[in-house]
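A.B. asks: For reference, this is run_23.txt, and it has compact mmCIF, C-alpha atoms (C1' of nucleotides).
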# COMPACT_ATOMS: atom_id res chain seq x y z
CA MET A 1 6.18 -23.31 -27.97
CA LYS A 2 9.26 -24.59 -26.25
CA LYS A 3 9.01 -25.52 -22.61
CA LYS A 4 11.56 -23.35 -20.87
CA ARG A 5 13.06 -25.02 -17.83
CA SER A 6 13.08 -22.33 -15.18
CA ALA A 7 16.57 -21.31 -14.17
CA ARG A 8 16.06 -21.33 -10.42
CA GLU A 9 15.28 -24.40 -8.40
CA ARG A 10 12.33 -24.82 -6.13
CA ARG A 11 13.16 -24.54 -2.45
CA SER A 12 11.34 -27.81 -1.85
CA PRO A 13 9.16 -30.34 -3.66
CA CYS A 14 6.10 -29.41 -1.57
CA PRO A 15 3.12 -28.42 -3.71
CA LEU A 16 2.21 -25.56 -1.40
CA ASN A 17 5.71 -24.22 -1.80
CA ALA A 18 5.31 -24.34 -5.57
CA SER A 19 2.16 -22.24 -5.29
CA VAL A 20 3.86 -19.81 -2.96
CA GLU A 21 6.83 -19.42 -5.27
CA MET A 22 4.54 -18.59 -8.19
CA LEU A 23 1.90 -16.51 -6.40
CA GLY A 24 3.36 -15.50 -3.05
CA ASP A 25 3.92 -11.80 -3.45
CA ARG A 26 1.88 -8.65 -3.04
CA TRP A 27 0.66 -8.29 -6.63
CA SER A 28 0.32 -11.48 -8.68
CA LEU A 29 -3.01 -12.56 -7.24
CA LEU A 30 -4.45 -9.06 -7.63
CA ILE A 31 -3.57 -9.09 -11.32
CA LEU A 32 -5.30 -12.44 -11.66
CA ARG A 33 -8.33 -11.09 -9.81
CA ASP A 34 -8.55 -8.23 -12.30
CA MET A 35 -8.44 -10.71 -15.16
CA MET A 36 -10.97 -13.11 -13.63
CA LEU A 37 -13.49 -10.76 -12.15
CA ARG A 38 -13.04 -7.44 -13.86
CA GLY A 39 -12.19 -8.53 -17.36
CA ALA A 40 -8.86 -6.71 -17.54
CA ARG A 41 -6.81 -7.86 -20.51
CA THR A 42 -4.24 -5.18 -21.35
CA TYR A 43 -1.45 -3.35 -19.58
CA THR A 44 -3.35 -0.08 -19.17
CA GLU A 45 -6.46 -1.93 -18.06
CA PHE A 46 -4.41 -3.50 -15.27
CA LEU A 47 -3.05 -0.11 -14.30
CA ASN A 48 -6.51 1.45 -14.19
CA SER A 49 -8.83 -1.36 -13.09
CA SER A 50 -7.44 -1.80 -9.60
CA PHE A 51 -7.66 0.36 -6.51
CA GLU A 52 -4.22 -0.71 -5.42
CA LYS A 53 -2.13 1.27 -7.92
CA ILE A 54 0.64 -1.05 -8.96
CA ALA A 55 3.87 0.55 -10.25
CA THR A 56 4.51 0.14 -13.98
CA ASN A 57 7.80 -1.70 -13.61
CA ILE A 58 6.32 -4.13 -11.10
CA LEU A 59 3.35 -4.78 -13.38
CA ALA A 60 5.65 -5.51 -16.31
CA ASP A 61 7.70 -7.85 -14.15
CA ARG A 62 4.68 -9.74 -12.80
CA LEU A 63 3.14 -10.17 -16.25
CA ARG A 64 6.45 -11.61 -17.44
CA ARG A 65 6.58 -14.04 -14.51
CA LEU A 66 2.97 -15.13 -14.87
CA GLU A 67 3.63 -15.77 -18.53
CA ARG A 68 6.85 -17.66 -17.77
CA ASP A 69 4.94 -19.82 -15.28
CA GLY A 70 2.27 -20.61 -17.86
CA ILE A 71 -0.53 -18.87 -15.99
CA ILE A 72 -1.22 -16.28 -18.69
CA THR A 73 -0.31 -15.80 -22.35
CA ALA A 74 0.18 -12.63 -24.38
CA LYS A 75 -0.56 -11.87 -27.99
CA THR A 76 -0.82 -8.59 -29.88
CA ASP A 77 -4.30 -7.28 -30.58
CA PRO A 78 -5.03 -7.89 -34.29
CA THR A 79 -7.09 -4.69 -34.45
CA ASP A 80 -4.48 -2.48 -32.74
CA GLY A 81 -0.81 -3.36 -33.00
CA ARG A 82 0.11 -1.37 -29.94
CA LYS A 83 -1.93 -3.49 -27.58
CA LEU A 84 -0.94 -6.78 -26.04
CA ILE A 85 -3.86 -8.92 -24.98
CA TYR A 86 -3.23 -11.07 -21.95
CA THR A 87 -5.33 -14.20 -21.50
CA LEU A 88 -5.54 -16.76 -18.71
CA THR A 89 -4.39 -20.25 -19.63
CA GLN A 90 -6.19 -23.31 -18.27
CA LYS A 91 -3.64 -23.27 -15.47
CA GLY A 92 -4.63 -19.68 -14.73
CA ILE A 93 -8.34 -20.45 -14.91
CA ASP A 94 -7.81 -23.27 -12.43
CA LEU A 95 -6.85 -20.69 -9.84
CA ALA A 96 -10.50 -19.67 -9.51
CA PRO A 97 -11.07 -21.86 -6.43
CA VAL A 98 -7.94 -20.47 -4.74
CA LEU A 99 -9.04 -16.90 -5.30
CA THR A 100 -12.56 -17.74 -4.15
CA GLU A 101 -11.41 -19.31 -0.89
CA MET A 102 -9.12 -16.38 -0.18
CA VAL A 103 -11.96 -13.92 -0.75
CA LEU A 104 -14.33 -15.92 1.47
CA TRP A 105 -11.75 -16.19 4.22
CA ALA A 106 -10.99 -12.47 4.30
CA ALA A 107 -14.67 -11.61 4.06
CA LYS A 108 -15.38 -13.77 7.09
CA HIS A 109 -12.62 -12.40 9.27
CA GLU A 110 -12.01 -8.84 8.12
CA ARG A 111 -14.06 -5.80 7.34
CA THR A 112 -14.04 -5.73 3.55
CA GLY A 113 -15.97 -4.30 0.65
CA ASN A 114 -17.74 -5.84 -2.33
CA GLN A 115 -20.49 -7.55 -0.35
CA PRO A 116 -22.62 -8.51 -3.41
CA LEU A 117 -19.77 -10.63 -4.76
CA ILE A 118 -19.31 -12.29 -1.39
CA GLN A 119 -23.01 -13.05 -1.04
CA GLN A 120 -22.92 -14.70 -4.41
CA MET A 121 -19.89 -16.80 -3.49
CA ARG A 122 -21.42 -17.84 -0.18
CA GLN A 123 -24.77 -18.81 -1.59
CA ASP A 124 -23.36 -21.11 -4.23
CA LYS A 125 -19.60 -21.43 -4.15
CA GLU A 126 -19.35 -24.28 -6.63
CA GLY A 127 -21.76 -22.58 -8.98
CA PHE A 128 -19.85 -19.34 -8.78
CA ILE A 129 -16.54 -21.02 -9.58
CA ALA A 130 -18.10 -22.99 -12.43
CA ALA A 131 -19.56 -19.82 -13.94
CA VAL A 132 -16.24 -17.98 -13.76
CA LYS A 133 -14.38 -20.91 -15.27
CA ASP A 134 -16.94 -21.23 -18.00
CA ARG A 135 -16.74 -17.59 -18.97
CA LEU A 136 -12.93 -17.63 -19.01
CA ALA A 137 -12.79 -20.88 -20.99
CA LYS A 138 -14.80 -19.19 -23.71
CA GLN A 139 -12.19 -16.43 -24.00
CA LEU A 140 -9.55 -19.12 -24.32
CA GLY A 141 -11.32 -20.53 -27.32
CA THR A 142 -11.29 -17.29 -29.32
CA MET B 143 -9.30 -9.44 23.72
CA LYS B 144 -8.65 -5.91 22.66
CA LYS B 145 -9.06 -5.32 18.96
CA LYS B 146 -5.89 -3.57 17.87
CA ARG B 147 -6.43 -1.35 14.86
CA SER B 148 -3.46 -2.04 12.63
CA ALA B 149 -1.25 0.97 12.11
CA ARG B 150 -1.04 0.79 8.35
CA GLU B 151 -4.00 1.15 6.07
CA ARG B 152 -5.12 -1.42 3.56
CA ARG B 153 -4.34 -0.55 -0.04
CA SER B 154 -7.99 -1.21 -0.93
CA PRO B 155 -11.19 -2.59 0.63
CA CYS B 156 -11.09 -5.67 -1.61
CA PRO B 157 -11.21 -8.92 0.37
CA LEU B 158 -8.64 -10.56 -1.87
CA ASN B 159 -6.30 -7.69 -1.18
CA ALA B 160 -6.80 -8.20 2.54
CA SER B 161 -5.76 -11.83 2.17
CA VAL B 162 -2.77 -10.86 0.07
CA GLU B 163 -1.64 -8.28 2.60
CA MET B 164 -1.77 -10.86 5.39
CA LEU B 165 -0.49 -13.92 3.53
CA GLY B 166 1.13 -12.70 0.32
CA ASP B 167 4.79 -13.36 0.93
CA ARG B 168 7.19 -16.26 0.56
CA TRP B 169 6.91 -17.69 4.08
CA SER B 170 3.63 -17.11 5.94
CA LEU B 171 1.68 -19.88 4.23
CA LEU B 172 4.53 -22.33 4.69
CA ILE B 173 4.53 -21.66 8.42
CA LEU B 174 0.79 -22.28 8.49
CA ARG B 175 1.27 -25.48 6.51
CA ASP B 176 3.74 -26.70 9.12
CA MET B 177 1.24 -25.95 11.85
CA MET B 178 -1.71 -27.54 10.06
CA LEU B 179 -0.16 -30.60 8.53
CA ARG B 180 3.02 -31.28 10.44
CA GLY B 181 1.99 -30.29 13.93
CA ALA B 182 4.74 -27.71 14.41
CA ARG B 183 4.06 -25.54 17.44
CA THR B 184 7.36 -23.97 18.58
CA TYR B 185 10.06 -21.81 17.09
CA THR B 186 12.61 -24.60 16.71
CA GLU B 187 9.98 -26.93 15.31
CA PHE B 188 9.30 -24.38 12.58
CA LEU B 189 13.00 -24.11 11.87
CA ASN B 190 13.43 -27.86 11.62
CA SER B 191 10.12 -29.13 10.22
CA SER B 192 10.37 -27.52 6.81
CA PHE B 193 12.53 -28.27 3.82
CA GLU B 194 12.67 -24.63 2.92
CA LYS B 195 15.01 -23.38 5.65
CA ILE B 196 13.61 -20.07 6.74
CA ALA B 197 16.03 -17.58 8.33
CA THR B 198 15.58 -17.02 12.06
CA ASN B 199 14.90 -13.30 11.79
CA ILE B 200 12.28 -13.82 9.08
CA LEU B 201 10.59 -16.53 11.14
CA ALA B 202 10.44 -14.24 14.17
CA ASP B 203 9.01 -11.47 12.04
CA ARG B 204 6.37 -13.69 10.40
CA LEU B 205 5.25 -15.17 13.71
CA ARG B 206 4.82 -11.64 15.04
CA ARG B 207 2.75 -10.63 12.01
CA LEU B 208 0.58 -13.72 12.10
CA GLU B 209 -0.08 -13.07 15.76
CA ARG B 210 -0.81 -9.39 15.12
CA ASP B 211 -3.30 -10.42 12.41
CA GLY B 212 -5.04 -12.83 14.76
CA ILE B 213 -4.13 -15.95 12.81
CA ILE B 214 -2.07 -17.52 15.58
CA THR B 215 -1.58 -16.98 19.30
CA ALA B 216 1.45 -17.58 21.48
CA LYS B 217 1.70 -18.68 25.09
CA THR B 218 4.60 -20.02 27.12
CA ASP B 219 4.72 -23.75 27.68
CA PRO B 220 3.69 -24.40 31.30
CA THR B 221 6.12 -27.34 31.50
CA ASP B 222 9.11 -25.44 30.05
CA GLY B 223 9.36 -21.71 30.47
CA ARG B 224 11.73 -21.30 27.55
CA LYS B 225 9.25 -22.56 25.01
CA LEU B 226 6.54 -20.54 23.37
CA ILE B 227 3.68 -22.60 22.02
CA TYR B 228 2.03 -21.21 18.95
CA THR B 229 -1.55 -22.21 18.21
CA LEU B 230 -3.85 -21.48 15.29
CA THR B 231 -6.87 -19.36 16.12
CA GLN B 232 -10.23 -20.06 14.50
CA LYS B 233 -9.22 -17.52 11.87
CA GLY B 234 -6.07 -19.52 11.23
CA ILE B 235 -7.95 -22.81 11.14
CA ASP B 236 -10.31 -21.32 8.57
CA LEU B 237 -7.38 -21.09 6.17
CA ALA B 238 -7.51 -24.86 5.65
CA PRO B 239 -9.56 -24.56 2.43
CA VAL B 240 -7.17 -21.96 1.03
CA LEU B 241 -4.15 -24.15 1.68
CA THR B 242 -5.94 -27.16 0.27
CA GLU B 243 -6.87 -25.42 -2.98
CA MET B 244 -3.33 -24.13 -3.40
CA VAL B 245 -1.93 -27.61 -2.91
CA LEU B 246 -4.39 -29.13 -5.38
CA TRP B 247 -3.68 -26.46 -7.96
CA ALA B 248 0.09 -26.89 -7.82
CA ALA B 249 -0.23 -30.67 -7.77
CA LYS B 250 -2.31 -30.52 -10.95
CA HIS B 251 -0.01 -28.22 -12.87
CA GLU B 252 3.48 -28.80 -11.50
CA ARG B 253 5.68 -31.71 -10.71
CA THR B 254 5.50 -31.91 -6.93
CA GLY B 255 6.06 -34.34 -4.10
CA ASN B 256 3.85 -35.70 -1.31
CA GLN B 257 1.53 -37.69 -3.56
CA PRO B 258 -0.26 -39.54 -0.71
CA LEU B 259 -1.47 -36.25 0.73
CA ILE B 260 -2.67 -35.13 -2.68
CA GLN B 261 -4.53 -38.38 -3.31
CA GLN B 262 -6.29 -37.96 -0.03
CA MET B 263 -7.27 -34.37 -0.83
CA ARG B 264 -8.51 -35.31 -4.28
CA GLN B 265 -10.56 -38.28 -3.15
CA ASP B 266 -12.48 -36.35 -0.53
CA LYS B 267 -11.63 -32.69 -0.36
CA GLU B 268 -14.42 -31.69 1.98
CA GLY B 269 -13.70 -34.62 4.25
CA PHE B 270 -10.03 -33.80 4.34
CA ILE B 271 -10.66 -30.17 5.26
CA ALA B 272 -13.20 -31.19 7.91
CA ALA B 273 -10.74 -33.61 9.46
CA VAL B 274 -7.96 -31.04 9.60
CA LYS B 275 -10.28 -28.42 11.09
CA ASP B 276 -11.55 -30.89 13.61
CA ARG B 277 -8.10 -31.87 14.79
CA LEU B 278 -6.97 -28.26 15.07
CA ALA B 279 -10.13 -27.21 16.89
CA LYS B 280 -9.33 -29.77 19.57
CA GLN B 281 -5.92 -28.17 20.13
CA LEU B 282 -7.69 -24.84 20.52
CA GLY B 283 -9.76 -26.23 23.34
CA THR B 284 -6.81 -27.33 25.47
C1' DT C 285 24.76 -24.62 42.69
C1' DC C 286 26.69 -23.71 38.89
C1' DA C 287 28.45 -24.69 34.33
C1' DA C 288 26.73 -26.28 30.01
C1' DC C 289 23.01 -26.36 27.13
C1' DT C 290 18.42 -25.11 24.94
C1' DC C 291 15.22 -21.99 23.17
C1' DA C 292 13.63 -17.95 21.16
C1' DC C 293 15.02 -14.68 19.54
C1' DT C 294 18.22 -9.94 17.99
C1' DT C 295 21.81 -7.56 15.55
C1' DG C 296 24.71 -6.18 11.70
C1' DC C 297 25.36 -6.09 7.17
C1' DA C 298 25.09 -7.33 2.15
C1' DA C 299 21.94 -8.35 -1.55
C1' DA C 300 17.59 -8.37 -3.67
C1' DA C 301 12.96 -6.57 -4.31
C1' DT C 302 9.92 -2.68 -4.34
C1' DG C 303 8.26 1.88 -5.35
C1' DC C 304 8.34 6.33 -7.59
C1' DA C 305 9.21 9.55 -11.36
C1' DA C 306 10.70 10.27 -15.66
C1' DG C 307 11.81 8.72 -20.19
C1' DT C 308 11.31 5.94 -24.66
C1' DA C 309 9.99 3.32 -28.92
C1' DG C 310 6.67 1.82 -31.97
C1' DA C 311 1.83 2.02 -33.65
C1' DA C 312 -2.32 4.70 -34.46
C1' DA C 313 -5.11 9.03 -34.85
C1' DA C 314 -5.74 13.67 -36.16
C1' DT D 315 3.36 14.76 -40.12
C1' DT D 316 2.69 16.04 -35.65
C1' DT D 317 0.39 14.34 -31.64
C1' DT D 318 -1.33 10.81 -28.88
C1' DC D 319 -1.57 6.24 -27.11
C1' DT D 320 0.33 1.86 -25.42
C1' DA D 321 3.56 -0.85 -23.26
C1' DC D 322 6.95 -0.69 -21.44
C1' DT D 323 12.39 0.69 -19.48
C1' DT D 324 15.62 3.26 -16.64
C1' DG D 325 17.56 5.43 -12.58
C1' DC D 326 17.52 5.89 -8.01
C1' DA D 327 15.94 5.81 -3.11
C1' DT D 328 13.68 2.86 0.23
C1' DT D 329 12.31 -1.47 2.06
C1' DT D 330 12.59 -6.30 2.56
C1' DT D 331 15.14 -10.46 2.62
C1' DG D 332 18.83 -13.52 3.76
C1' DC D 333 22.93 -15.01 6.14
C1' DA D 334 26.03 -15.35 10.10
C1' DA D 335 26.96 -14.40 14.48
C1' DG D 336 25.51 -13.02 18.83
C1' DT D 337 22.40 -12.68 23.35
C1' DG D 338 19.76 -13.57 27.45
C1' DA D 339 16.47 -16.04 29.99
C1' DG D 340 15.15 -20.77 31.44
C1' DT D 341 16.53 -25.71 32.15
C1' DT D 342 19.35 -29.75 32.98
C1' DG D 343 22.95 -32.64 34.80
C1' DA D 344 26.90 -33.21 38.08
Written as C-alpha cells, that's how I'd like the structure from this file.

C.D. replies:
Amino acid sequence: MKKKRSARERRSPCPLNASVEMLGDRWSLLILRDMMLRGARTYTEFLNSSFEKIATNILADRLRRLERDGIITAKTDPTDGRKLIYTLTQKGIDLAPVLTEMVLWAAKHERTGNQPLIQQMRQDKEGFIAAVKDRLAKQLGT
Amino acid sequence: MKKKRSARERRSPCPLNASVEMLGDRWSLLILRDMMLRGARTYTEFLNSSFEKIATNILADRLRRLERDGIITAKTDPTDGRKLIYTLTQKGIDLAPVLTEMVLWAAKHERTGNQPLIQQMRQDKEGFIAAVKDRLAKQLGT
DNA sequence: TCAACTCACTTGCAAAATGCAAGTAGAAAA
DNA sequence: TTTTCTACTTGCATTTTGCAAGTGAGTTGA
C-alpha cells in the first residue's frame, strides 16, 4: 500500500490542529462512534445505525476521507460482493480515549441520553477504553 | 444566570453528538487551545496567537457560539473599555482532557510540532491536566 | 481637546461545503 | 431473467466559510 502524500498542507504543525483537520466536522466522529460502540461496518449500517441521519453523499465523502487519513480501511465482503466492510485501523482504534472524553464531557454538562454507557465510563474509564480497544483489535486480526 | 434554551434542536440525544454540535468545526477547539495553553484572552490575542490565521468574522462567530454554549464568558476589561476579556467557564476548563487526548492521538500518528508539550503530556497525563485545570480555575476566581 | 490609533467587531461578496432527492451500476436473490 | 439490494453519484438549492474592506466606540499622545 503506497503512502499517499495528502495534497493539501496543514494549516499549522500543531498536533491539535492535525486532529481538528481530520476530525473537526459534524459527521466524522459520529461515524467512528457507530463503528466503535454499535458495531457498524457497512455503508447501509452507517445510514441506519445512527439517529442523526447523515446524507448519502456526505457519508461517502467522510468514509473516503477517513480511509485517506488511515483511520479506517475498506475491503469487499468475501461472502457478498456488493458489500464493503469498513474496519478501524490501529490509528482509528486509538481514538477511543478521545471519544470517551468527549462523551464524558457532554454527559457532565448537557442533558443527554444513554446513561448506562456513561455510568460504565465513569465507574472505570480506563477499563472501558481497554475493553473497547481489545474488542476492536480482535476485528483487526480477522 | 438564566439558562437559555438553545433555539435549534439537537440532532440526537447522544452525548457524543452534543459534543460534536458544540465543538465539531475547524476553529472552536483551536480557540480553546489558545485560551488553555497560550493564555489568549482577547480578540486580538486570538487573531495573533495562532499559526492558523482565523478570519475575523469567523472568530467573532465562534466566540459568540462558545459563549452561548456556556464554554466561555466575556466581560469588558476594567482597565481598558475597548477590550473584552474572554474566560473559560468550568465547562470550558473541563475540556482539558479532550484537548489532551486529541493532542496525544495526533502526536502518535502524525508528524507534528511542539514536542516538549507532548513529552510532558505523555510522562504524566493526569498531572498535566490537573495543572492546566488548576491554573485556569485561578483565573476564574479573579 | 482633538486627531490618530486601537480594539472588537460588521459587511459584502465569492467560493466551498452541506443537505436533499433522485438516479445508477454491479452483485445477489427469487 | 426480472427484481432487489448495496454502495454509491449527480444535480441543485441552501448554508457556511473565507477574504478584504469598512465601522464605531474607547484610548492615547500632543

A.B. asks: Compute the post-superposition RMSD of the C-alpha atoms of chain B relative to chain A, with atoms paired in order and the fit done by least squares.

C.D. replies: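 Fitting chain B to chain A over paired C-alpha atoms yields 0.3 Å.
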
A.B. asks: Taking all atoms listed in the file into account, find every residue of chain A that has an atom no more than 10 Å from chain D, and write it out as a list in words.

C.D. replies: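 Taken together, these residues fit the definition: Thr42, Tyr43, Thr44, Thr56, Asn57, Leu59, Ala60, Asp80, Gly81, Arg82, Lys83 and Leu84 of chain A.
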
A.B. asks: Neighbouring residues of Glu126 (chain A) were defined as those with any atom within 9 Å, considering all atoms listed in the file; residues of the same chain fewer than 5 positions away were excluded. Please report them as an MDAnalysis selection string.

C.D. replies: chainID A and resid 97 121 131

A.B. asks: Report, as AutoDock Vina command-line options, the centre and edge lengths in Å (one decimal) of the axis-aligned box enclosing every listed atom of region 288-304 of chain C, padded by 5 Å on each side.

C.D. replies:
--center_x 17.5 --center_y -10.0 --center_z 11.2 --size_x 28.5 --size_y 42.7 --size_z 47.6

A.B. asks: Could you list, as a list of chain:residue names, every residue of chain C that has an atom within 8 Å of an atom of chain A, counting all atoms listed in the file?

C.D. replies: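 Listing them in order of chain and number gives C:DT302, C:DG303, C:DC304, C:DG310, C:DA311, C:DA312.
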
A.B. asks: Pull out every residue of chain B sitting within 10 Å of chain A, counting all atoms listed in the file, and send them as a PyMOL selection string.

C.D. replies: chain B and resi 152-172+175+192-195+211-213+232-234+236-257+260

A.B. asks: Here is a test: counting all atoms listed in the file, which residue of B:Ile173, B:Ile227, B:Leu208, B:Leu282 is nearest to DC291 (chain C)?

C.D. replies: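 For DC291 (chain C), the nearest of the given residues is B:Ile227.
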
A.B. asks: What gap, in Å, lies between CA of Thr87 (chain A) and CA of Asp34 (chain A)?

C.D. replies: 11.4 Å

A.B. asks: Grab the CA of Met177 (chain B) to CA of Tyr228 (chain B) distance for me, in Å with one decimal place.

C.D. replies: 8.6 Å

A.B. asks: In Å, how far is it from C1' of DA305 (chain C) to CA of Phe46 (chain A)?

C.D. replies: 19.3 Å
